[in-house]
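Contents: one structure, followed by commentary.
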Amino acid sequence: MDYINQYYDELVAAIIRPPRAEYDLSELGAPVARLDGKVFVRKDFELKNQRGLTLQCSQFVGARHYQRMPVVIYCHGNAGCRVDALDVCKLLLPMGISVVCFDFAGSGLSEGEYVSLGYYEKDDLACVVDYLRKNNSTTRIGLWGRSMGAVTSLMFGVLDPSIACLVLDSPFSSLKTLSNELVGKLEQKIPKSIVNVAFKMLKKTIDKKAHFNIEKLEPIKHASSCFIPALFAHAESDDFVSPSHSLAISQKYCGDYNRITFEGDHNSQRPQFFYDSAAIWFSNNLLVESDFNEDNPIVFEPGFEPPGLQKNQTATVTPPKIIQIDAIPEDEDEQLKLALAMSLMEVQKQESQANDSVKTQESTEKPKNKRRESTEKSKKLRESREATEKDSAKLRESVEKSKSEPSEKVSKKPKKEKKKTDKKVKKNHS
């Protein structure tokens with residue numbers, strides 16, 4: 001009996017008070033970090049949920065990014081925290097996707113004593129989604145949940161069908177089913193009648209401590225009402241939440257979905273194959289590059305503004321690199337910097353105009369040069385023609401002169417030749 005009581009207490013704790021993740025902010029990494037040659041910043045903020053509890057949140061985004069970005073919200077497991085999202089950041093940030101992570105109430109550094117395996121967590125998630133949309137900082141939102149976070153994401157997806165896509169890692173189909181499976185794994189077998197009584201006791205205890213009805217935690221009943229594209233994933237050796245749970249949910253799911261399995265257990269490190277599949281899923285459904293255009297200006301995080309902008313001012317830039325300055329700074333040094341920047345812009349403008357005029361002049365001079373070259377060629381031809389005519393005239397004069405002055409040698413030769421020919425003729429006749 002003592003064994004059963006001990007196990008009952010452990011089961012209650014596993015549902016509403018698992019080991020709480022304790023961490024320091026330094027474990028989230030530096031506020032400014034470099035990844036794949038790009039600079040990213042972490043912005044920490046707090047939100048109040050519907051129960052008045054403070055949630056500790058963080059957003060990772062590029063130091064230079066588009067004003068509205070696709071965002072993936074990471075939802076941790078029942079014993080996890082926002083530090084678990086760091087692997088997700090390494091995967092998604094280089095793709096141009098911002099990542100938001102937070103501690104559910106009762107987890108990590110957020111306020112609250114108990115967790116509810118998705119019952120109240122969906123309201124915490126709604127609080128984060130509402131914050132992002134009110135800030136006009138997102139284009140499309142995707143959800144990535146693990147275990148309790150996966151159940152939370154699925155149940156929230158039914159409430160907000162505008163979510164672009166889901167990645168659901170090892171969700172359970174029903175808390176009652178899961179509890180019965182865990183009891184069935186006890187070394188000392190307990191009759192089914194006692195199990196049913198124990199579940200009623202469990203329901204009463206949890207309702208008293210954490211104020212929610214565990215019988216209403218049946219994510220599988222939400223599957224037929226959710227149409228958001230979903231990627232289901234499960235470790236093959238998960239002995240806490242059996243892979244049959246995600247299989248049962250996927251079989252009743254109404255939206256487009258895919259399901260993958262891999263080696264490991266409930267808490268093991270996920271393989272690269274899973275991360276690659278999730279990256280492709282988000283890329284296809286968030287349409288990452290479709291909203292990166294002139295209607296979505298580039299902004300700079302405070303401290304990363306280009307030269308000439310006000311300090312701590314989020315600069316807006318419309319491609320290609322046109323700095324928009326809303327107001328003239330009051331500081332004298334800043335005025336000088338602004339004047340210098342404007343002077344440089346004017347000089348560049350003048351140089352550009354000068355270059356354009358030179359090109360125009362060159363283009364107009366080319367036909368002139370061609371005409372000049374053709375004129376010179378015709379002149380040379382004319383001169384050579386005149387020289388040729390002069391030479392031919394001289395030749396004609398010399399020929400005529402030679403005709404008017406006959407020589408004796410020339411006159412004698414024809415007589416001799418004539419005699420020879422006469423002799424030949426006589427011989428032929430004879």
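Note on naming: chains are A, B, ... as they come in the structure tokens, residues start from 1 per chain, ligands start from 1 in the order shown.
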What lies within 9 Å of segment 131-144 of chain A using only C-alpha atoms, ignoring chain neighbours under 4 positions off, as a ChimeraX atom specification? /A:47,66-76,88,98,126-127,149-150,153-154,157,162-169,278,282,285-288,291
So which bits of segment 34-200 of chain A end up alpha helix (DSSP H) when you DSSP the backbone, as an mmCIF file with N, CA and C atoms, in the first residue's frame?
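What landed in result-v1.cif:
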```cif
data_model
loop_
_atom_site.group_PDB
_atom_site.id
_atom_site.type_symbol
_atom_site.label_atom_id
_atom_site.label_comp_id
_atom_site.auth_asym_id
_atom_site.auth_seq_id
_atom_site.Cartn_x
_atom_site.Cartn_y
_atom_site.Cartn_z
ATOM 1 N N LEU A 86 17.291 26.918 -28.001
ATOM 2 C CA LEU A 86 18.546 27.353 -28.624
ATOM 3 C C LEU A 86 18.866 26.546 -29.880
ATOM 4 N N ASP A 87 18.597 25.239 -29.862
ATOM 5 C CA ASP A 87 18.828 24.434 -31.066
ATOM 6 C C ASP A 87 17.925 24.889 -32.210
ATOM 7 N N VAL A 88 16.728 25.308 -31.850
ATOM 8 C CA VAL A 88 15.788 25.806 -32.855
ATOM 9 C C VAL A 88 16.298 27.126 -33.448
ATOM 10 N N CYS A 89 16.888 27.971 -32.599
ATOM 11 C CA CYS A 89 17.438 29.251 -33.072
ATOM 12 C C CYS A 89 18.547 29.024 -34.095
ATOM 13 N N LYS A 90 19.431 28.083 -33.815
ATOM 14 C CA LYS A 90 20.543 27.802 -34.742
ATOM 15 C C LYS A 90 20.032 27.328 -36.092
ATOM 16 N N LEU A 91 18.877 26.694 -36.084
ATOM 17 C CA LEU A 91 18.311 26.173 -37.325
ATOM 18 C C LEU A 91 17.558 27.238 -38.115
ATOM 19 N N LEU A 92 16.734 28.044 -37.420
ATOM 20 C CA LEU A 92 15.792 28.925 -38.110
ATOM 21 C C LEU A 92 16.305 30.338 -38.367
ATOM 22 N N GLU A 121 -1.743 26.389 -20.490
ATOM 23 C CA GLU A 121 -0.609 26.808 -21.335
ATOM 24 C C GLU A 121 -1.082 27.399 -22.659
ATOM 25 N N LYS A 122 -2.216 26.932 -23.155
ATOM 26 C CA LYS A 122 -2.720 27.499 -24.417
ATOM 27 C C LYS A 122 -3.080 28.975 -24.245
ATOM 28 N N ASP A 123 -3.473 29.362 -23.036
ATOM 29 C CA ASP A 123 -3.758 30.780 -22.767
ATOM 30 C C ASP A 123 -2.460 31.598 -22.696
ATOM 31 N N ASP A 124 -1.401 30.981 -22.149
ATOM 32 C CA ASP A 124 -0.094 31.654 -22.155
ATOM 33 C C ASP A 124 0.382 31.880 -23.583
ATOM 34 N N LEU A 125 0.200 30.867 -24.412
ATOM 35 C CA LEU A 125 0.595 30.980 -25.825
ATOM 36 C C LEU A 125 -0.218 32.065 -26.523
ATOM 37 N N ALA A 126 -1.496 32.154 -26.218
ATOM 38 C CA ALA A 126 -2.349 33.195 -26.811
ATOM 39 C C ALA A 126 -1.841 34.583 -26.449
ATOM 40 N N CYS A 127 -1.318 34.717 -25.237
ATOM 41 C CA CYS A 127 -0.783 35.993 -24.774
ATOM 42 C C CYS A 127 0.423 36.417 -25.618
ATOM 43 N N VAL A 128 1.300 35.450 -25.947
ATOM 44 C CA VAL A 128 2.496 35.742 -26.747
ATOM 45 C C VAL A 128 2.103 36.082 -28.185
ATOM 46 N N VAL A 129 1.191 35.317 -28.761
ATOM 47 C CA VAL A 129 0.746 35.568 -30.135
ATOM 48 C C VAL A 129 0.109 36.949 -30.240
ATOM 49 N N ASP A 130 -0.707 37.306 -29.273
ATOM 50 C CA ASP A 130 -1.355 38.614 -29.270
ATOM 51 C C ASP A 130 -0.322 39.739 -29.192
ATOM 52 N N TYR A 131 0.718 39.544 -28.399
ATOM 53 C CA TYR A 131 1.789 40.544 -28.282
ATOM 54 C C TYR A 131 2.475 40.765 -29.630
ATOM 55 N N LEU A 132 2.786 39.710 -30.341
ATOM 56 C CA LEU A 132 3.481 39.829 -31.628
ATOM 57 C C LEU A 132 2.605 40.532 -32.663
ATOM 58 N N ARG A 133 1.345 40.225 -32.673
ATOM 59 C CA ARG A 133 0.459 40.813 -33.677
ATOM 60 C C ARG A 133 0.165 42.276 -33.392
ATOM 61 N N LYS A 134 0.066 42.636 -32.127
ATOM 62 C CA LYS A 134 -0.168 44.040 -31.792
ATOM 63 C C LYS A 134 1.041 44.903 -32.141
ATOM 64 N N MET A 148 4.336 18.490 -23.756
ATOM 65 C CA MET A 148 3.296 19.413 -23.297
ATOM 66 C C MET A 148 3.145 20.582 -24.264
ATOM 67 N N GLY A 149 4.263 21.077 -24.812
ATOM 68 C CA GLY A 149 4.208 22.172 -25.779
ATOM 69 C C GLY A 149 3.525 21.783 -27.068
ATOM 70 N N ALA A 150 3.670 20.505 -27.477
ATOM 71 C CA ALA A 150 2.998 20.028 -28.684
ATOM 72 C C ALA A 150 1.492 19.981 -28.481
ATOM 73 N N VAL A 151 1.055 19.491 -27.302
ATOM 74 C CA VAL A 151 -0.378 19.469 -26.983
ATOM 75 C C VAL A 151 -0.929 20.890 -26.932
ATOM 76 N N THR A 152 -0.164 21.807 -26.326
ATOM 77 C CA THR A 152 -0.578 23.210 -26.253
ATOM 78 C C THR A 152 -0.754 23.800 -27.645
ATOM 79 N N SER A 153 0.205 23.538 -28.534
ATOM 80 C CA SER A 153 0.157 24.081 -29.895
ATOM 81 C C SER A 153 -1.036 23.548 -30.659
ATOM 82 N N LEU A 154 -1.324 22.250 -30.506
ATOM 83 C CA LEU A 154 -2.462 21.652 -31.197
ATOM 84 C C LEU A 154 -3.775 22.259 -30.722
ATOM 85 N N MET A 155 -3.967 22.370 -29.408
ATOM 86 C CA MET A 155 -5.218 22.917 -28.879
ATOM 87 C C MET A 155 -5.368 24.394 -29.209
ATOM 88 N N PHE A 156 -4.256 25.143 -29.260
ATOM 89 C CA PHE A 156 -4.344 26.552 -29.632
ATOM 90 C C PHE A 156 -4.661 26.705 -31.114
ATOM 91 N N GLY A 157 -4.142 25.766 -31.941
ATOM 92 C CA GLY A 157 -4.408 25.836 -33.375
ATOM 93 C C GLY A 157 -5.888 25.772 -33.709
ATOM 94 N N VAL A 158 -6.661 25.075 -32.885
ATOM 95 C CA VAL A 158 -8.106 25.017 -33.094
ATOM 96 C C VAL A 158 -8.732 26.384 -32.805
ATOM 97 N N LEU A 159 -8.189 27.091 -31.819
ATOM 98 C CA LEU A 159 -8.723 28.408 -31.449
ATOM 99 C C LEU A 159 -8.289 29.498 -32.418
ATOM 100 N N LEU A 175 -4.852 12.453 -21.669
ATOM 101 C CA LEU A 175 -4.178 12.315 -20.377
ATOM 102 C C LEU A 175 -4.693 11.094 -19.621
ATOM 103 N N LYS A 176 -5.963 10.783 -19.766
ATOM 104 C CA LYS A 176 -6.509 9.595 -19.104
ATOM 105 C C LYS A 176 -5.856 8.335 -19.658
ATOM 106 N N THR A 177 -5.731 8.263 -20.984
ATOM 107 C CA THR A 177 -5.079 7.111 -21.607
ATOM 108 C C THR A 177 -3.635 7.009 -21.165
ATOM 109 N N LEU A 178 -2.945 8.140 -21.132
ATOM 110 C CA LEU A 178 -1.540 8.156 -20.718
ATOM 111 C C LEU A 178 -1.391 7.702 -19.269
ATOM 112 N N SER A 179 -2.282 8.170 -18.398
ATOM 113 C CA SER A 179 -2.215 7.787 -16.978
ATOM 114 C C SER A 179 -2.423 6.287 -16.806
ATOM 115 N N ASN A 180 -3.385 5.728 -17.524
ATOM 116 C CA ASN A 180 -3.630 4.285 -17.447
ATOM 117 C C ASN A 180 -2.420 3.493 -17.940
ATOM 118 N N GLU A 181 -1.758 3.997 -18.987
ATOM 119 C CA GLU A 181 -0.562 3.308 -19.501
ATOM 120 C C GLU A 181 0.569 3.335 -18.478
ATOM 121 N N LEU A 182 0.732 4.469 -17.817
ATOM 122 C CA LEU A 182 1.801 4.575 -16.819
ATOM 123 C C LEU A 182 1.524 3.666 -15.614
ATOM 124 N N VAL A 183 0.265 3.596 -15.191
ATOM 125 C CA VAL A 183 -0.090 2.708 -14.076
ATOM 126 C C VAL A 183 0.143 1.252 -14.473
ATOM 127 N N GLY A 184 -0.145 0.914 -15.718
ATOM 128 C CA GLY A 184 0.035 -0.453 -16.190
ATOM 129 C C GLY A 184 1.483 -0.901 -16.215
ATOM 130 N N LYS A 192 -7.932 -3.306 -12.542
ATOM 131 C CA LYS A 192 -8.484 -2.199 -13.315
ATOM 132 C C LYS A 192 -9.478 -1.382 -12.493
ATOM 133 N N SER A 193 -10.234 -2.066 -11.608
ATOM 134 C CA SER A 193 -11.203 -1.341 -10.780
ATOM 135 C C SER A 193 -10.514 -0.345 -9.866
ATOM 136 N N ILE A 194 -9.348 -0.743 -9.341
ATOM 137 C CA ILE A 194 -8.589 0.160 -8.471
ATOM 138 C C ILE A 194 -7.985 1.296 -9.285
ATOM 139 N N VAL A 195 -7.583 0.992 -10.524
ATOM 140 C CA VAL A 195 -7.024 2.029 -11.407
ATOM 141 C C VAL A 195 -8.068 3.106 -11.672
ATOM 142 N N ASN A 196 -9.307 2.685 -11.910
ATOM 143 C CA ASN A 196 -10.376 3.654 -12.168
ATOM 144 C C ASN A 196 -10.628 4.535 -10.951
ATOM 145 N N VAL A 197 -10.611 3.907 -9.760
ATOM 146 C CA VAL A 197 -10.786 4.680 -8.532
ATOM 147 C C VAL A 197 -9.618 5.645 -8.344
ATOM 148 N N ALA A 198 -8.403 5.149 -8.654
ATOM 149 C CA ALA A 198 -7.209 5.989 -8.509
ATOM 150 C C ALA A 198 -7.278 7.193 -9.447
ATOM 151 N N PHE A 199 -7.817 6.989 -10.665
ATOM 152 C CA PHE A 199 -7.916 8.103 -11.618
ATOM 153 C C PHE A 199 -8.898 9.156 -11.114
ATOM 154 N N LYS A 200 -10.006 8.703 -10.494
ATOM 155 C CA LYS A 200 -10.961 9.663 -9.928
ATOM 156 C C LYS A 200 -10.319 10.457 -8.785
#
```
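For Leu11 of chain A, the non-local neighbours within 9 Å, defined as residues at least 2 positions apart in the same chain or in other chains and counting only C-alpha atoms, are Gln6, Tyr7, Tyr8, Asp9, Ala13, Ala14, Ile15, Ile16, Ser179, Leu182, Val183 and Leu202 of chain A.
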Nearest to Phe60 of chain A, restricted to only C-alpha atoms and choosing among A:Arg42, A:Arg34, A:Gly77, A:Glu113, comes out as A:Arg42
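Nearest to Tyr257 of chain A of all the residues A:Phe232, A:Asp160, A:Ser237, A:Asp276 is A:Phe232, counting only C-alpha atoms.
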Got a sec to tell me which of segment 162-314 of chain A DSSP assigns to strand (DSSP E), as a list in words? Cys165, Leu166, Val167, Leu168, Asp169, Ala230, Leu231, Phe232, Ala233, His234, Ala235, Tyr257, Asn258, Arg259, Ile260, Thr261, Phe262, Ile298, Val299 and Phe300 of chain A
Output N, CA, C and O atoms for every residue in the selection just made, as a short mmCIF file (atom, residue, chain, number, x, y, z; two decimals), in the first residue's frame.
```
data_model
loop_
_atom_site.label_atom_id
_atom_site.label_comp_id
_atom_site.auth_asym_id
_atom_site.auth_seq_id
_atom_site.Cartn_x
_atom_site.Cartn_y
_atom_site.Cartn_z
N CYS A 165 1.53 27.01 -39.54
CA CYS A 165 1.89 25.60 -39.53
C CYS A 165 2.33 25.18 -38.13
O CYS A 165 2.61 26.03 -37.27
N LEU A 166 2.40 23.85 -37.91
CA LEU A 166 2.73 23.28 -36.61
C LEU A 166 3.81 22.21 -36.77
O LEU A 166 3.82 21.48 -37.76
N VAL A 167 4.69 22.14 -35.79
CA VAL A 167 5.59 20.99 -35.63
C VAL A 167 5.30 20.42 -34.24
O VAL A 167 5.49 21.10 -33.23
N LEU A 168 4.81 19.19 -34.19
CA LEU A 168 4.33 18.58 -32.95
C LEU A 168 5.19 17.36 -32.61
O LEU A 168 5.04 16.29 -33.21
N ASP A 169 6.07 17.53 -31.65
CA ASP A 169 7.01 16.50 -31.23
C ASP A 169 6.47 15.77 -30.00
O ASP A 169 6.36 16.35 -28.92
N ALA A 230 0.48 20.26 -40.34
CA ALA A 230 1.17 19.80 -39.14
C ALA A 230 2.19 18.72 -39.48
O ALA A 230 1.91 17.82 -40.29
N LEU A 231 3.35 18.81 -38.85
CA LEU A 231 4.37 17.77 -38.93
C LEU A 231 4.43 17.07 -37.58
O LEU A 231 4.83 17.66 -36.58
N PHE A 232 4.01 15.80 -37.54
CA PHE A 232 4.06 15.01 -36.32
C PHE A 232 5.40 14.28 -36.27
O PHE A 232 5.89 13.79 -37.29
N ALA A 233 5.96 14.21 -35.07
CA ALA A 233 7.25 13.54 -34.89
C ALA A 233 7.25 12.79 -33.57
O ALA A 233 6.66 13.25 -32.59
N HIS A 234 7.92 11.63 -33.56
CA HIS A 234 7.95 10.83 -32.33
C HIS A 234 9.19 9.94 -32.32
O HIS A 234 9.58 9.38 -33.35
N ALA A 235 9.79 9.81 -31.13
CA ALA A 235 10.92 8.89 -30.96
C ALA A 235 10.38 7.47 -30.83
O ALA A 235 9.40 7.22 -30.13
N TYR A 257 -0.86 16.87 -43.25
CA TYR A 257 0.11 16.51 -42.23
C TYR A 257 1.14 15.52 -42.78
O TYR A 257 0.93 14.88 -43.81
N ASN A 258 2.22 15.42 -42.07
CA ASN A 258 3.24 14.41 -42.33
C ASN A 258 3.67 13.88 -40.97
O ASN A 258 3.58 14.59 -39.97
N ARG A 259 4.14 12.67 -40.91
CA ARG A 259 4.57 12.08 -39.64
C ARG A 259 5.89 11.36 -39.85
O ARG A 259 6.03 10.57 -40.78
N ILE A 260 6.84 11.65 -38.98
CA ILE A 260 8.15 11.00 -39.05
C ILE A 260 8.50 10.41 -37.69
O ILE A 260 8.05 10.90 -36.65
N THR A 261 9.28 9.35 -37.70
CA THR A 261 9.79 8.75 -36.47
C THR A 261 11.30 8.63 -36.57
O THR A 261 11.87 8.63 -37.68
N PHE A 262 11.93 8.53 -35.43
CA PHE A 262 13.39 8.46 -35.40
C PHE A 262 13.82 7.74 -34.12
O PHE A 262 13.01 7.51 -33.21
N ILE A 298 13.20 47.55 -44.18
CA ILE A 298 14.23 47.00 -43.30
C ILE A 298 14.40 47.94 -42.11
O ILE A 298 14.39 49.16 -42.25
N VAL A 299 14.56 47.36 -40.93
CA VAL A 299 14.77 48.15 -39.71
C VAL A 299 16.03 47.66 -39.01
O VAL A 299 16.49 46.54 -39.25
N PHE A 300 16.57 48.53 -38.16
CA PHE A 300 17.77 48.21 -37.40
C PHE A 300 17.44 48.22 -35.92
O PHE A 300 16.72 49.10 -35.44
#
```
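The shortest atom-to-atom distance to Val32 of chain A, with only C-alpha atoms taken into account, belongs to A:Phe304 out of A:Ile249, A:Phe104, A:Phe304, A:Lys209.
The nearest approach to Ile97 of chain A among the residues A:Ile228, A:Leu55, A:Leu28, A:Val61, with only C-alpha atoms taken into account, belongs to A:Val61.
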